[in-house]
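Visitor: File input.cif below, mmCIF, C-alpha atoms and all ligand atoms:
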data_target
#
loop_
_atom_site.label_atom_id
_atom_site.label_comp_id
_atom_site.auth_asym_id
_atom_site.auth_seq_id
_atom_site.Cartn_x
_atom_site.Cartn_y
_atom_site.Cartn_z
CA MET A 1 5.89 1.13 14.73
CA LYS A 2 9.42 2.32 15.55
CA GLY A 3 10.46 5.17 17.82
CA ALA A 4 8.47 6.92 20.52
CA CYS A 5 5.68 8.94 18.93
CA ASP A 6 3.93 11.81 20.61
CA PRO A 7 0.24 11.56 19.61
CA THR A 8 -0.36 15.19 20.61
CA ILE A 9 1.91 16.50 17.86
CA GLU A 10 0.11 17.41 14.65
CA PRO A 11 1.66 15.89 11.53
CA GLN A 12 4.23 18.13 9.89
CA SER A 13 3.66 20.85 12.50
CA LYS A 14 7.36 21.25 13.15
CA PHE A 15 9.09 21.00 9.79
CA ASP A 16 8.68 22.61 6.38
CA PHE A 17 8.96 20.35 3.34
CA ARG A 18 9.82 21.21 -0.27
CA LEU A 19 9.66 18.74 -3.10
CA VAL A 20 12.38 19.45 -5.68
CA ARG A 21 12.00 18.06 -9.19
CA CYS A 22 15.38 16.99 -10.62
CA ARG A 23 16.64 15.47 -13.88
CA THR A 24 13.64 14.09 -15.78
CA ASP A 25 11.54 12.35 -13.14
CA ASN A 26 13.55 12.34 -9.89
CA TYR A 27 12.54 14.01 -6.65
CA ALA A 28 14.71 15.34 -3.87
CA VAL A 29 12.93 16.44 -0.70
CA LEU A 30 14.07 19.28 1.52
CA MET A 31 13.06 19.22 5.18
CA HIS A 32 13.62 22.32 7.29
CA ASP A 33 13.27 22.96 11.00
CA PRO A 34 12.53 26.69 11.47
CA GLU A 35 13.51 26.55 15.15
CA SER A 36 17.05 25.23 14.85
CA GLY A 37 17.63 26.02 11.18
CA ALA A 38 18.53 22.38 10.49
CA THR A 39 17.85 21.49 6.86
CA ALA A 40 18.08 18.05 5.30
CA VAL A 41 17.82 16.90 1.73
CA VAL A 42 16.71 13.35 1.04
CA ASP A 43 18.67 12.16 -2.01
CA THR A 44 20.66 14.42 -4.31
CA PRO A 45 19.81 13.72 -7.96
CA GLU A 46 21.00 17.13 -9.22
CA PHE A 47 22.85 20.09 -7.70
CA GLY A 48 21.16 22.97 -9.54
CA PRO A 49 17.50 22.61 -8.53
CA ILE A 50 18.36 21.68 -4.92
CA ASP A 51 20.78 24.59 -4.55
CA GLU A 52 18.28 26.97 -6.16
CA THR A 53 15.50 25.94 -3.77
CA LEU A 54 17.81 26.35 -0.78
CA ARG A 55 18.75 29.81 -2.04
CA GLN A 56 15.13 30.85 -2.57
CA GLU A 57 14.16 29.69 0.91
CA GLY A 58 17.27 31.06 2.57
CA TRP A 59 18.02 27.65 4.10
CA LYS A 60 21.49 26.29 4.83
CA LEU A 61 21.86 22.60 4.16
CA THR A 62 23.02 20.67 7.25
CA HIS A 63 22.18 17.03 6.42
CA ILE A 64 22.22 14.90 3.29
CA LEU A 65 20.26 11.64 3.66
CA ASN A 66 20.79 9.07 0.92
CA THR A 67 18.32 6.21 0.58
CA HIS A 68 20.58 4.12 -1.69
CA HIS A 69 23.68 4.24 -3.83
CA HIS A 70 22.23 4.69 -7.36
CA HIS A 71 23.82 7.64 -9.11
CA ASP A 72 20.54 9.49 -9.61
CA HIS A 73 20.21 9.62 -5.80
CA VAL A 74 23.78 10.59 -4.82
CA ASP A 75 25.17 12.60 -7.76
CA ALA A 76 25.15 16.00 -6.04
CA ASN A 77 26.44 14.80 -2.64
CA GLU A 78 29.93 16.18 -3.04
CA ALA A 79 28.98 19.51 -4.61
CA LEU A 80 26.36 20.16 -1.90
CA LYS A 81 28.71 19.02 0.85
CA GLU A 82 31.42 21.29 -0.44
CA LYS A 83 29.15 24.32 -0.64
CA TYR A 84 27.25 23.86 2.63
CA GLY A 85 29.42 21.59 4.78
CA ALA A 86 26.47 19.23 5.24
CA THR A 87 26.91 15.81 6.87
CA VAL A 88 26.32 12.95 4.44
CA ILE A 89 24.34 10.05 5.91
CA GLY A 90 23.58 6.84 4.03
CA PRO A 91 23.62 3.05 4.13
CA GLU A 92 26.84 1.73 5.66
CA LYS A 93 26.50 -1.32 3.39
CA ASN A 94 27.25 0.93 0.42
CA ARG A 95 30.17 2.86 1.83
CA GLY A 96 32.45 3.35 -1.16
CA GLN A 97 29.52 3.83 -3.55
CA ILE A 98 28.09 6.88 -1.78
CA PRO A 99 30.21 9.96 -2.46
CA GLY A 100 31.28 11.87 0.64
CA LEU A 101 29.61 9.49 3.10
CA ASP A 102 30.30 10.65 6.68
CA GLN A 103 27.88 8.58 8.74
CA GLY A 104 26.96 5.07 7.66
CA VAL A 105 23.60 3.83 8.99
CA LYS A 106 21.84 0.48 9.29
CA ASP A 107 18.44 -0.83 10.34
CA GLY A 108 17.35 0.43 13.76
CA ASP A 109 19.73 3.39 13.86
CA LYS A 110 18.40 6.74 14.99
CA ILE A 111 19.48 10.09 13.57
CA SER A 112 18.92 13.28 15.50
CA PHE A 113 17.42 16.09 13.42
CA GLY A 114 15.86 19.35 14.62
CA GLY A 115 15.23 17.89 18.07
CA GLU A 116 13.43 14.89 16.60
CA VAL A 117 14.44 11.36 15.77
CA ILE A 118 14.71 9.92 12.29
CA ASP A 119 14.40 6.13 12.36
CA VAL A 120 16.42 4.16 9.84
CA ILE A 121 14.52 1.18 8.42
CA ALA A 122 16.36 -1.30 6.20
CA VAL A 123 14.27 -1.96 3.08
CA PRO A 124 16.45 -4.18 0.86
CA GLY A 125 15.39 -5.42 -2.56
CA HIS A 126 15.88 -2.58 -5.07
CA THR A 127 19.44 -2.52 -3.71
CA LEU A 128 20.71 -4.60 -0.81
CA GLY A 129 21.65 -1.57 1.27
CA HIS A 130 18.50 0.51 0.63
CA VAL A 131 17.12 2.29 3.70
CA ALA A 132 13.97 4.29 4.40
CA TYR A 133 13.92 7.27 6.76
CA TYR A 134 10.92 7.53 9.06
CA LEU A 135 9.86 10.44 11.29
CA CYS A 136 7.04 9.20 13.44
CA ASN A 137 6.13 12.56 15.02
CA ALA A 138 6.19 14.41 11.71
CA LYS A 139 4.37 11.38 10.21
CA VAL A 140 6.60 11.24 7.17
CA VAL A 141 8.52 8.40 5.53
CA PHE A 142 11.06 8.71 2.72
CA THR A 143 10.99 5.49 0.71
CA GLY A 144 13.47 6.22 -2.11
CA ASP A 145 13.10 3.63 -4.88
CA THR A 146 11.55 0.92 -2.69
CA LEU A 147 7.92 2.07 -2.51
CA PHE A 148 6.54 4.38 -5.20
CA SER A 149 3.04 5.73 -5.35
CA LEU A 150 0.98 2.93 -6.95
CA GLY A 151 4.16 0.95 -7.58
CA CYS A 152 7.53 -0.21 -6.29
CA GLY A 153 11.13 -0.27 -7.47
CA ARG A 154 12.69 -2.95 -9.62
CA MET A 155 14.58 -5.67 -7.80
CA PHE A 156 18.10 -4.97 -9.05
CA GLU A 157 19.93 -6.65 -6.18
CA GLY A 158 17.41 -8.51 -4.02
CA ASP A 159 14.73 -11.13 -4.61
CA ALA A 160 10.95 -11.12 -4.31
CA GLU A 161 10.80 -12.48 -0.78
CA MET A 162 13.23 -9.84 0.47
CA MET A 163 11.52 -6.98 -1.38
CA TRP A 164 8.10 -8.09 -0.16
CA HIS A 165 9.32 -8.10 3.43
CA SER A 166 10.51 -4.50 2.96
CA LEU A 167 7.18 -3.37 1.47
CA ASP A 168 5.26 -5.21 4.19
CA MET A 169 7.11 -3.22 6.85
CA LEU A 170 6.32 0.05 5.11
CA ARG A 171 2.63 -0.79 4.77
CA HIS A 172 2.45 -1.33 8.52
CA LEU A 173 3.39 2.27 9.28
CA PRO A 174 0.48 4.39 10.58
CA GLU A 175 -2.00 5.08 7.78
CA ASP A 176 -1.72 8.86 8.10
CA THR A 177 2.05 8.74 7.47
CA LEU A 178 2.90 10.71 4.33
CA MET A 179 5.17 8.90 1.90
CA TYR A 180 7.72 10.69 -0.28
CA CYS A 181 9.38 8.55 -2.96
CA GLY A 182 12.26 9.08 -5.37
CA HIS A 183 10.49 9.31 -8.73
CA GLU A 184 7.38 10.66 -10.43
CA TYR A 185 6.25 7.30 -11.84
CA THR A 186 2.72 7.41 -10.48
CA LEU A 187 0.73 7.54 -13.73
CA ASN A 188 2.60 4.69 -15.40
CA ASN A 189 2.29 2.71 -12.17
CA GLY A 190 -1.42 3.48 -12.04
CA GLU A 191 -1.96 2.33 -15.61
CA PHE A 192 -0.32 -0.99 -14.73
CA ALA A 193 -2.28 -1.23 -11.47
CA LEU A 194 -5.55 -0.90 -13.40
CA THR A 195 -4.62 -3.93 -15.51
CA VAL A 196 -4.26 -6.16 -12.44
CA GLU A 197 -7.04 -4.78 -10.25
CA PRO A 198 -9.50 -3.02 -12.56
CA GLY A 199 -12.37 -3.39 -10.11
CA ASN A 200 -10.66 -1.39 -7.33
CA GLU A 201 -12.72 1.81 -7.08
CA ALA A 202 -10.22 3.59 -4.84
CA LEU A 203 -7.57 2.91 -7.49
CA GLN A 204 -9.76 4.19 -10.32
CA LYS A 205 -10.38 7.41 -8.35
CA ARG A 206 -6.69 7.83 -7.50
CA VAL A 207 -5.62 7.42 -11.14
CA GLU A 208 -8.16 10.09 -12.17
CA GLU A 209 -6.74 12.41 -9.50
CA VAL A 210 -3.19 11.66 -10.66
CA ARG A 211 -4.09 12.53 -14.27
CA GLU A 212 -5.57 15.82 -13.08
CA LEU A 213 -2.55 16.66 -10.91
CA LEU A 214 -0.20 16.00 -13.81
CA ARG A 215 -2.37 18.04 -16.17
CA GLN A 216 -1.85 20.91 -13.72
CA ARG A 217 1.89 20.09 -13.64
CA LYS A 218 1.67 19.25 -9.95
CA PRO A 219 3.46 16.37 -8.20
CA THR A 220 1.45 13.29 -7.24
CA ILE A 221 3.30 12.89 -3.94
CA PRO A 222 3.38 12.91 -0.99
CA VAL A 223 0.60 10.39 -0.50
CA SER A 224 -0.59 8.65 2.65
CA ILE A 225 0.34 5.07 3.47
CA GLY A 226 -3.38 4.45 4.00
CA LEU A 227 -4.25 5.47 0.43
CA GLU A 228 -1.35 3.41 -0.91
CA LYS A 229 -2.64 0.37 1.00
CA ARG A 230 -6.01 0.79 -0.71
CA THR A 231 -4.64 1.41 -4.21
CA ASN A 232 -1.08 0.12 -4.74
CA PRO A 233 -1.22 -3.48 -6.06
CA PHE A 234 2.25 -4.22 -4.69
CA LEU A 235 0.88 -3.65 -1.17
CA ARG A 236 -2.24 -5.72 -1.90
CA PRO A 237 -1.23 -9.34 -2.54
CA GLU A 238 -4.23 -10.45 -0.44
CA SER A 239 -6.65 -8.97 -2.99
CA PRO A 240 -8.79 -11.76 -4.50
CA GLU A 241 -8.97 -9.87 -7.79
CA ILE A 242 -5.16 -9.65 -8.01
CA ARG A 243 -4.71 -13.30 -7.02
CA GLU A 244 -7.19 -14.27 -9.70
CA LYS A 245 -5.29 -12.16 -12.23
CA VAL A 246 -1.93 -13.86 -11.54
CA ASN A 247 -3.65 -17.21 -11.08
CA MET A 248 -2.25 -17.74 -7.59
CA LYS A 249 -4.47 -18.80 -4.75
CA GLY A 250 -3.45 -20.18 -1.38
CA VAL A 251 0.19 -19.11 -1.69
CA GLU A 252 2.32 -16.74 0.38
CA ASN A 253 2.00 -13.02 -0.22
CA TRP A 254 5.58 -12.71 -1.43
CA ARG A 255 4.92 -15.11 -4.29
CA VAL A 256 1.96 -13.02 -5.46
CA PHE A 257 4.13 -9.94 -5.11
CA GLY A 258 6.88 -11.58 -7.19
CA ALA A 259 4.41 -12.46 -9.94
CA LEU A 260 3.14 -8.86 -10.01
CA ARG A 261 6.68 -7.49 -10.15
CA ALA A 262 7.49 -9.79 -13.08
CA LEU A 263 4.36 -8.58 -14.91
CA LYS A 264 5.30 -4.96 -14.29
CA ASP A 265 8.81 -5.58 -15.66
CA GLN A 266 7.14 -6.49 -18.97
CA PHE A 267 4.57 -3.65 -18.89
ZN ZN A 301 17.46 3.34 -7.54
#
Here is the file; what I need is its structure written in the form of structure tokens.
Guide:
Amino acid sequence: MKGACDPTIEPQSKFDFRLVRCRTDNYAVLMHDPESGATAVVDTPEFGPIDETLRQEGWKLTHILNTHHHHDHVDANEALKEKYGATVIGPEKNRGQIPGLDQGVKDGDKISFGGEVIDVIAVPGHTLGHVAYYLCNAKVVFTGDTLFSLGCGRMFEGDAEMMWHSLDMLRHLPEDTLMYCGHEYTLNNGEFALTVEPGNEALQKRVEEVRELLRQRKPTIPVSIGLEKRTNPFLRPESPEIREKVNMKGVENWRVFGALRALKDQF
């Protein structure tokens, strides 16, 4: 959708990715370009595990990308910046709430990283300033607390129409784009999803796979946008089964989304 993609480049051929489990259920993601040595972390829930992974890999942190201002996404900004001298990039709207922010970004901005372009996509709703970071050649999107696997974030600052618009943009990314999100909430999300769309076979299969991954203590992300579109109820307000469940027919998608989000808040 955004940026100039080169279809001849294999997904993830250029960068190495490491998922770092932090706190209880947060993820930070490290992205490393072996050619230039550039290394980014997307969100900084906790210094220790991120620093340890950098040390093990022998990578020097050059960029910190924050998706939004919540403390469990920015807590280690200053400690990492102090140790590595990394540039802190995050939503300009939340300047003042993002520790150490150097470069404020907004929708449509482009960040240069390892010779490639990171597109900034505004995805308000969870917070008003929330952004996603999209690399179209690497076929990766970092969605923070906006889109989770099989779920989505709570609407702390925005409303249903706004949040739906954000999710709708993300679901229109190419289906083979791999999505990294900010939390390991997939099983709980899947259990809710099965209550609103129990007849979705792709969802049933995904939840089984998620249970198995967790049994093996493996992460359930990244996951493709295509699989999310087939399984995540918050990306599926057109589903007749879901519309039946929330008793809403012939209304806009965002209203169905809002009803689902309200149900999930009570789940
Ligand atoms: Zn958050």
Visitor: Mind listing the residues within 12 Å of ligand ZN 301 (chain A), only C-alpha atoms and all ligand atoms counted, as a ChimeraX atom specification?
Guide: /A:26-27,43-45,66-74,124-131,143-148,152-157,181-183
Visitor: Between A:Asp75, A:Asp109, A:Asp176, A:Asp33, which one has atoms that come closest to A:Lys60, using only C-alpha atoms?
Guide: A:Asp33
Visitor: At a cut-off of 10 Å around the point (5.5, 20.6, -5.0) (file coordinates), what residues fall inside when counting all atoms listed in the file? I'd like the answer as a compact mmCIF listing (two decimals) with C-alpha atoms, in the coordinates of the input.
Guide:
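The result, stored in result25.txt:
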# COMPACT_ATOMS: atom_id res chain seq x y z
CA PHE A 17 8.96 20.35 3.34
CA ARG A 18 9.82 21.21 -0.27
CA LEU A 19 9.66 18.74 -3.10
CA VAL A 20 12.38 19.45 -5.68
CA ARG A 21 12.00 18.06 -9.19
CA TYR A 27 12.54 14.01 -6.65
CA VAL A 29 12.93 16.44 -0.70
CA ARG A 217 1.89 20.09 -13.64
CA LYS A 218 1.67 19.25 -9.95
CA PRO A 219 3.46 16.37 -8.20
CA THR A 220 1.45 13.29 -7.24
CA ILE A 221 3.30 12.89 -3.94
CA PRO A 222 3.38 12.91 -0.99
Visitor: List the neighbours of stretch 178-180 of chain A out to 6 Å using all atoms listed in the file; skip same-chain residues closer than 5 positions along the sequence, and give me the result as a tab-separated table (two decimals) with C-alpha atoms, in the coordinates of the input.
Guide:
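Listed below is the output, result_25.tsv:
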chain	number	residue	atom	x	y	z
A	140	VAL	CA	6.60	11.24	7.17
A	141	VAL	CA	8.52	8.40	5.53
A	142	PHE	CA	11.06	8.71	2.72
A	222	PRO	CA	3.38	12.91	-0.99
A	223	VAL	CA	0.60	10.39	-0.50
A	224	SER	CA	-0.59	8.65	2.65
Visitor: Using Å and a single decimal, report how far atom CA of A:Ser112 sits from atom CA of A:Gly90.
Guide: 14.0 Å
Visitor: In terms of the shortest atom-to-atom distance over only C-alpha atoms, which of A:Val251, A:Leu150, A:Val105, A:Ala160 is closest to A:Arg236?
Guide: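 So, comparing all the options, the nearest one is A:Leu150.
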Visitor: Render stretch 124-167 of chain A from the structure in the preceding block as a file of N, CA and C atoms, as an mmCIF file, in the first residue's frame.
Guide:
data_model
loop_
_atom_site.group_PDB
_atom_site.id
_atom_site.type_symbol
_atom_site.label_atom_id
_atom_site.label_comp_id
_atom_site.auth_asym_id
_atom_site.auth_seq_id
_atom_site.Cartn_x
_atom_site.Cartn_y
_atom_site.Cartn_z
ATOM 1 N N PRO A 124 -4.533 5.416 15.211
ATOM 2 C CA PRO A 124 -5.082 5.862 16.490
ATOM 3 C C PRO A 124 -6.247 4.990 16.971
ATOM 4 N N GLY A 125 -6.467 5.044 18.290
ATOM 5 C CA GLY A 125 -7.577 4.291 18.876
ATOM 6 C C GLY A 125 -7.202 3.783 20.258
ATOM 7 N N HIS A 126 -6.159 2.934 20.323
ATOM 8 C CA HIS A 126 -5.630 2.483 21.625
ATOM 9 C C HIS A 126 -5.090 3.704 22.362
ATOM 10 N N THR A 127 -4.248 4.485 21.671
ATOM 11 C CA THR A 127 -3.913 5.858 22.074
ATOM 12 C C THR A 127 -4.101 6.722 20.827
ATOM 13 N N LEU A 128 -4.208 8.023 21.025
ATOM 14 C CA LEU A 128 -4.448 8.897 19.869
ATOM 15 C C LEU A 128 -3.215 9.033 18.987
ATOM 16 N N GLY A 129 -2.029 8.881 19.590
ATOM 17 C CA GLY A 129 -0.803 9.065 18.811
ATOM 18 C C GLY A 129 -0.211 7.777 18.263
ATOM 19 N N HIS A 130 -0.849 6.652 18.508
ATOM 20 C CA HIS A 130 -0.272 5.339 18.158
ATOM 21 C C HIS A 130 0.101 5.264 16.673
ATOM 22 N N VAL A 131 1.311 4.771 16.405
ATOM 23 C CA VAL A 131 1.729 4.547 15.012
ATOM 24 C C VAL A 131 2.148 3.091 14.819
ATOM 25 N N ALA A 132 2.034 2.631 13.559
ATOM 26 C CA ALA A 132 2.599 1.340 13.167
ATOM 27 C C ALA A 132 3.797 1.632 12.274
ATOM 28 N N TYR A 133 4.748 0.699 12.256
ATOM 29 C CA TYR A 133 5.924 0.834 11.396
ATOM 30 C C TYR A 133 5.889 -0.290 10.375
ATOM 31 N N TYR A 134 5.966 0.088 9.104
ATOM 32 C CA TYR A 134 5.775 -0.871 8.020
ATOM 33 C C TYR A 134 6.973 -0.865 7.085
ATOM 34 N N LEU A 135 7.540 -2.063 6.841
ATOM 35 C CA LEU A 135 8.636 -2.213 5.890
ATOM 36 C C LEU A 135 8.123 -3.058 4.737
ATOM 37 N N CYS A 136 7.863 -2.421 3.615
ATOM 38 C CA CYS A 136 7.180 -3.166 2.555
ATOM 39 C C CYS A 136 8.110 -4.143 1.854
ATOM 40 N N ASN A 137 9.399 -3.854 1.739
ATOM 41 C CA ASN A 137 10.297 -4.831 1.120
ATOM 42 C C ASN A 137 10.564 -6.019 2.035
ATOM 43 N N ALA A 138 10.761 -5.743 3.304
ATOM 44 C CA ALA A 138 10.979 -6.828 4.267
ATOM 45 C C ALA A 138 9.664 -7.540 4.584
ATOM 46 N N LYS A 139 8.535 -6.922 4.170
ATOM 47 C CA LYS A 139 7.203 -7.504 4.408
ATOM 48 C C LYS A 139 6.945 -7.744 5.887
ATOM 49 N N VAL A 140 7.152 -6.693 6.658
ATOM 50 C CA VAL A 140 6.962 -6.755 8.102
ATOM 51 C C VAL A 140 6.207 -5.513 8.543
ATOM 52 N N VAL A 141 5.293 -5.677 9.502
ATOM 53 C CA VAL A 141 4.644 -4.524 10.113
ATOM 54 C C VAL A 141 4.664 -4.706 11.631
ATOM 55 N N PHE A 142 4.979 -3.629 12.332
ATOM 56 C CA PHE A 142 4.982 -3.624 13.794
ATOM 57 C C PHE A 142 3.741 -2.869 14.247
ATOM 58 N N THR A 143 2.827 -3.571 14.906
ATOM 59 C CA THR A 143 1.506 -2.977 15.174
ATOM 60 C C THR A 143 1.303 -2.576 16.630
ATOM 61 N N GLY A 144 2.307 -2.781 17.490
ATOM 62 C CA GLY A 144 2.192 -2.334 18.886
ATOM 63 C C GLY A 144 0.961 -2.909 19.560
ATOM 64 N N ASP A 145 0.152 -2.038 20.171
ATOM 65 C CA ASP A 145 -1.061 -2.494 20.863
ATOM 66 C C ASP A 145 -2.320 -2.159 20.067
ATOM 67 N N THR A 146 -2.174 -1.980 18.756
ATOM 68 C CA THR A 146 -3.359 -1.733 17.919
ATOM 69 C C THR A 146 -3.943 -3.046 17.435
ATOM 70 N N LEU A 147 -3.148 -3.813 16.695
ATOM 71 C CA LEU A 147 -3.575 -5.129 16.220
ATOM 72 C C LEU A 147 -2.763 -6.196 16.941
ATOM 73 N N PHE A 148 -3.458 -7.103 17.631
ATOM 74 C CA PHE A 148 -2.815 -8.283 18.205
ATOM 75 C C PHE A 148 -3.184 -9.492 17.359
ATOM 76 N N SER A 149 -2.463 -10.590 17.546
ATOM 77 C CA SER A 149 -2.900 -11.794 16.873
ATOM 78 C C SER A 149 -4.221 -12.248 17.490
ATOM 79 N N LEU A 150 -5.221 -12.404 16.659
ATOM 80 C CA LEU A 150 -6.592 -12.806 17.025
ATOM 81 C C LEU A 150 -7.322 -11.763 17.877
ATOM 82 N N GLY A 151 -6.734 -10.566 18.010
ATOM 83 C CA GLY A 151 -7.408 -9.553 18.822
ATOM 84 C C GLY A 151 -6.963 -8.154 18.454
ATOM 85 N N CYS A 152 -7.305 -7.209 19.303
ATOM 86 C CA CYS A 152 -6.855 -5.828 19.114
ATOM 87 C C CYS A 152 -6.770 -5.167 20.485
ATOM 88 N N GLY A 153 -6.152 -3.991 20.532
ATOM 89 C CA GLY A 153 -5.985 -3.294 21.801
ATOM 90 C C GLY A 153 -7.282 -2.679 22.293
ATOM 91 N N ARG A 154 -7.296 -2.352 23.569
ATOM 92 C CA ARG A 154 -8.444 -1.617 24.117
ATOM 93 C C ARG A 154 -8.419 -0.187 23.611
ATOM 94 N N MET A 155 -9.578 0.423 23.547
ATOM 95 C CA MET A 155 -9.649 1.812 23.085
ATOM 96 C C MET A 155 -9.555 2.743 24.287
ATOM 97 N N PHE A 156 -8.325 3.035 24.713
ATOM 98 C CA PHE A 156 -8.146 3.900 25.890
ATOM 99 C C PHE A 156 -8.409 5.363 25.545
ATOM 100 N N GLU A 157 -8.036 5.777 24.342
ATOM 101 C CA GLU A 157 -8.137 7.204 24.011
ATOM 102 C C GLU A 157 -9.065 7.479 22.824
ATOM 103 N N GLY A 158 -9.221 6.542 21.943
ATOM 104 C CA GLY A 158 -10.037 6.781 20.747
ATOM 105 C C GLY A 158 -11.401 6.121 20.846
ATOM 106 N N ASP A 159 -12.171 6.213 19.759
ATOM 107 C CA ASP A 159 -13.480 5.567 19.737
ATOM 108 C C ASP A 159 -13.499 4.457 18.675
ATOM 109 N N ALA A 160 -14.646 3.790 18.593
ATOM 110 C CA ALA A 160 -14.728 2.597 17.736
ATOM 111 C C ALA A 160 -14.520 2.941 16.259
ATOM 112 N N GLU A 161 -15.059 4.051 15.817
ATOM 113 C CA GLU A 161 -14.934 4.388 14.402
ATOM 114 C C GLU A 161 -13.467 4.646 14.034
ATOM 115 N N MET A 162 -12.780 5.342 14.935
ATOM 116 C CA MET A 162 -11.362 5.641 14.723
ATOM 117 C C MET A 162 -10.513 4.359 14.729
ATOM 118 N N MET A 163 -10.762 3.526 15.734
ATOM 119 C CA MET A 163 -9.980 2.284 15.875
ATOM 120 C C MET A 163 -10.248 1.361 14.687
ATOM 121 N N TRP A 164 -11.506 1.299 14.250
ATOM 122 C CA TRP A 164 -11.813 0.445 13.098
ATOM 123 C C TRP A 164 -11.073 0.928 11.856
ATOM 124 N N HIS A 165 -11.035 2.224 11.662
ATOM 125 C CA HIS A 165 -10.322 2.771 10.502
ATOM 126 C C HIS A 165 -8.850 2.340 10.532
ATOM 127 N N SER A 166 -8.252 2.368 11.720
ATOM 128 C CA SER A 166 -6.848 1.944 11.863
ATOM 129 C C SER A 166 -6.679 0.469 11.509
ATOM 130 N N LEU A 167 -7.569 -0.377 12.035
ATOM 131 C CA LEU A 167 -7.471 -1.821 11.763
ATOM 132 C C LEU A 167 -7.733 -2.108 10.281
#
